[in-house]
Amino acid sequence: MAAEQLDEIDAYRTMWRIRLFEEAVEDLYGRGMMHGTMHLSIGQEAVPTGACAALKEGDQITSTHRGHGHCIAKGADLGRSMAELLARDNGYCRGRGGSMHIADVATGNLGANGIVAGGPPIAAGAALSNQLRGTDQVCLCFHGDGAVGEGAWHEALTLASMWQLPVVFICENNKYGMSMSSEKAFKVEHLSEKAAAYGIPGLTVDGNDVEAVFESVNTAVERARAGGGPTFIEALTYRWRGHSKSDKNLYRTREEIAQWRAHDPIAAYAAVLLERDTATQEELNAVADEVRTEIRDAVRFGTQGDEPTVEAMLAGVYAPSPVDARELGARA
C-alpha cells in the first residue's frame, strides 16, 4: 500500500534534490555545456514531491516537457538523469531523450513528453493495461494548465471516466501556458471544475503545500486502486523562471514573480518542520548540504560519460539489416 502519511524529512530532501538539480543544469546550460532547450520547474517542487510520495512501487507516471522534478520524485538516479541531459551514453536513454524525453521504466516513469497533452493518452493506455492485466497499479499523469485546452486531454479523460481506469490526472497550474495566462485562457474559476463534465471527482489544492498535494493525491490514488476510477486534481503553483531558456519573460512583472517567490515551497515546509519540532535548523541545513554533495557527484558522473557515436545513434533509428551502420553514417 502507499504511505499513509508523508515522510516529512524525505519530502524535504526530495524538494531540495529537484531545486538544486535544476539550478545545476541551468548553470551548465549557461556555460554552453547543455544544448537544445530546457524547461525548468524551479518553484514547483512541492507538486511532484507530494504526488509521487502517494505512489507505491510498481505504480507509474507520465511526465511533461517540464519533467525533471517528476523523474527525481519518482526515484530516478541523479547521475544518470544528469548524463541524459548532457547527451552522454551513460544517461537513461543513452543521451537520446534529453530534457524533454527522459524516461526510466524501471521506476515506473513512462517518459517525459515534448508534446503538450502528450502524456494523458499514454497514462490512460497504461491504466487500461493495468486494468486488463488485473494488477492494482495506478498511473499518475502530470500535465500543465495548457494541456487542458488540448483535444488529447479531453479524449483521455473521456475514456478514463467511461472505463473507470486507475489513473489520476494532476494539473500543475503554474498560471501560464507558455506566455498565456490561464486566467485568460479558461472561463472557470478553477480548472478542477471541468471534472464535472466527465463525471469524476475534481479538486483544487495549494500546489506549494507538499502535504496538501500528498493528501489529495493519496486519496485519489487509493480510490483508483480500489476500482473507483479517475480523479482530476489541479495543483496551484508557479514557475520562477521563464517558459523555456529562450523566454524573455516579458508577459509578467517582477513584482508578480517576487510575490510568488515569497511563497517558496521549500522554505515554507522548513518553517512547518521547525514549528513541529520535527527537525532543528541545523538538521535541515545538513539535509540541504547532503543534497548539494549528491548534485556535485551527479554533475561529475554526467560530464565524465562518453558521447554517443554516430554508429550507435543510427543503430537506434534503423532496423537491423545487412547494410553496415558505418555506411549509413557516411550517407547521412
# chains A, B, ... in the order shown; residues from 1 in each chain; ligands from 1
$ residues_around --residues "region 103-117 of chain A" --least-positions-apart "4" --cutoff "8 Å" --atoms "only C-alpha atoms" --output "ChimeraX atom specification"
/A:57-67,71,74-76,92-93,97,121,143-144,146-148,150,152-153
$ select_by_dssp --residues "region 163-277 of chain A" --states "helix (DSSP H, G or I)" --output "PyMOL selection string"
chain A and resi 182-185+191-198+210-225+254-261+265-275
$ closest_atom_pairs --of "region 9-56 of chain A" --to "region 210-226 of chain A" --cutoff "6 Å" --atoms "only C-alpha atoms" --output "tab-separated table"
residue	atom	partner	partner_atom	distance
A:Ala46	CA	A:Val210	CA	4.6
A:Gly50	CA	A:Phe214	CA	4.2
A:Ala51	CA	A:Phe214	CA	5.2
A:Ala54	CA	A:Asn218	CA	4.8
$ write_last_selection --atoms "N, CA and C atoms" --output "mmCIF file, in the first residue's frame"
data_model
loop_
_atom_site.group_PDB
_atom_site.id
_atom_site.type_symbol
_atom_site.label_atom_id
_atom_site.label_comp_id
_atom_site.auth_asym_id
_atom_site.auth_seq_id
_atom_site.Cartn_x
_atom_site.Cartn_y
_atom_site.Cartn_z
ATOM 1 N N ALA A 46 6.979 21.190 -4.800
ATOM 2 C CA ALA A 46 6.061 20.502 -3.888
ATOM 3 C C ALA A 46 5.097 19.576 -4.620
ATOM 4 N N GLY A 50 5.054 15.720 -3.401
ATOM 5 C CA GLY A 50 3.875 15.244 -2.687
ATOM 6 C C GLY A 50 3.103 14.190 -3.451
ATOM 7 N N ALA A 51 3.018 14.366 -4.771
ATOM 8 C CA ALA A 51 2.243 13.428 -5.586
ATOM 9 C C ALA A 51 2.902 12.057 -5.653
ATOM 10 N N ALA A 54 2.728 9.556 -2.806
ATOM 11 C CA ALA A 54 1.479 8.812 -2.617
ATOM 12 C C ALA A 54 1.453 7.517 -3.418
#
$ closest_residue --among "A:Asp145, A:Asp77, A:Gly199, A:Thr135" --to "Lys184 (chain A)" --atoms "only C-alpha atoms"
A:Asp145
$ atom_distance --atom1 "CA of Arg239 (chain A)" --atom2 "CA of Glu22 (chain A)"
12.1 Å
$ select_by_dssp --residues "region 25-264 of chain A" --states "strand (DSSP E or B)" --output "number ranges by chain"
A: 60-62, 104, 109, 139-144, 167-173, 176-177, 180-181, 202-206, 231-236
$ write_last_selection --atoms "C-alpha atoms" --output "PDB file, in the first residue's frame"
ATOM      1  CA  GLN A  60       3.549   4.600 -12.981  1.00  0.00           C
ATOM      2  CA  ILE A  61       3.775   8.229 -14.022  1.00  0.00           C
ATOM      3  CA  THR A  62       3.731  10.124 -17.286  1.00  0.00           C
ATOM      4  CA  ASP A 104      13.002   5.455 -16.518  1.00  0.00           C
ATOM      5  CA  ASN A 109       8.460   6.717 -15.225  1.00  0.00           C
ATOM      6  CA  CYS A 139      -0.833   5.660 -13.249  1.00  0.00           C
ATOM      7  CA  LEU A 140      -0.347   9.303 -12.257  1.00  0.00           C
ATOM      8  CA  CYS A 141      -0.459  11.752 -15.162  1.00  0.00           C
ATOM      9  CA  PHE A 142       1.309  15.095 -14.725  1.00  0.00           C
ATOM     10  CA  HIS A 143       0.360  17.860 -17.137  1.00  0.00           C
ATOM     11  CA  GLY A 144       0.219  21.634 -17.258  1.00  0.00           C
ATOM     12  CA  VAL A 167      -5.420   6.877 -13.345  1.00  0.00           C
ATOM     13  CA  VAL A 168      -5.056  10.230 -11.596  1.00  0.00           C
ATOM     14  CA  PHE A 169      -4.671  13.386 -13.665  1.00  0.00           C
ATOM     15  CA  ILE A 170      -2.780  16.135 -11.861  1.00  0.00           C
ATOM     16  CA  CYS A 171      -2.602  19.563 -13.453  1.00  0.00           C
ATOM     17  CA  GLU A 172       0.355  21.690 -12.406  1.00  0.00           C
ATOM     18  CA  ASN A 173      -1.318  25.049 -12.938  1.00  0.00           C
ATOM     19  CA  TYR A 176       0.885  30.372 -17.661  1.00  0.00           C
ATOM     20  CA  GLY A 177       0.675  28.191 -20.757  1.00  0.00           C
ATOM     21  CA  MET A 180      -0.798  32.954 -21.976  1.00  0.00           C
ATOM     22  CA  SER A 181      -2.310  33.481 -18.536  1.00  0.00           C
ATOM     23  CA  GLY A 202     -12.229  17.239  -9.224  1.00  0.00           C
ATOM     24  CA  LEU A 203     -10.481  19.366  -6.638  1.00  0.00           C
ATOM     25  CA  THR A 204      -8.051  22.270  -6.410  1.00  0.00           C
ATOM     26  CA  VAL A 205      -5.195  22.267  -3.900  1.00  0.00           C
ATOM     27  CA  ASP A 206      -2.332  24.546  -2.931  1.00  0.00           C
ATOM     28  CA  THR A 231      -9.714  11.880 -10.370  1.00  0.00           C
ATOM     29  CA  PHE A 232      -8.673  15.283 -11.689  1.00  0.00           C
ATOM     30  CA  ILE A 233      -6.542  17.388  -9.329  1.00  0.00           C
ATOM     31  CA  GLU A 234      -5.492  20.965 -10.005  1.00  0.00           C
ATOM     32  CA  ALA A 235      -2.388  21.999  -8.039  1.00  0.00           C
ATOM     33  CA  LEU A 236      -1.888  25.771  -7.992  1.00  0.00           C
TER      34      LEU A 236
END
$ residues_around --residues "Asp7 (chain A)" --least-positions-apart "2" --cutoff "12 Å" --atoms "only C-alpha atoms" --output "PyMOL selection string"
chain A and resi 2-5+9-14+49-50+52-54+210-211+214+273+278
$ residues_around --residues "Leu165 (chain A)" --least-positions-apart "6" --cutoff "7 Å" --atoms "only C-alpha atoms" --output "count of residues only"
5
$ closest_residue --among "A:Gly36, A:Gly302, A:Pro320, A:Gly118" --to "Gly151 (chain A)" --atoms "only C-alpha atoms"
A:Gly118
$ atom_distance --atom1 "CA of Arg96 (chain A)" --atom2 "CA of His35 (chain A)"
12.2 Å
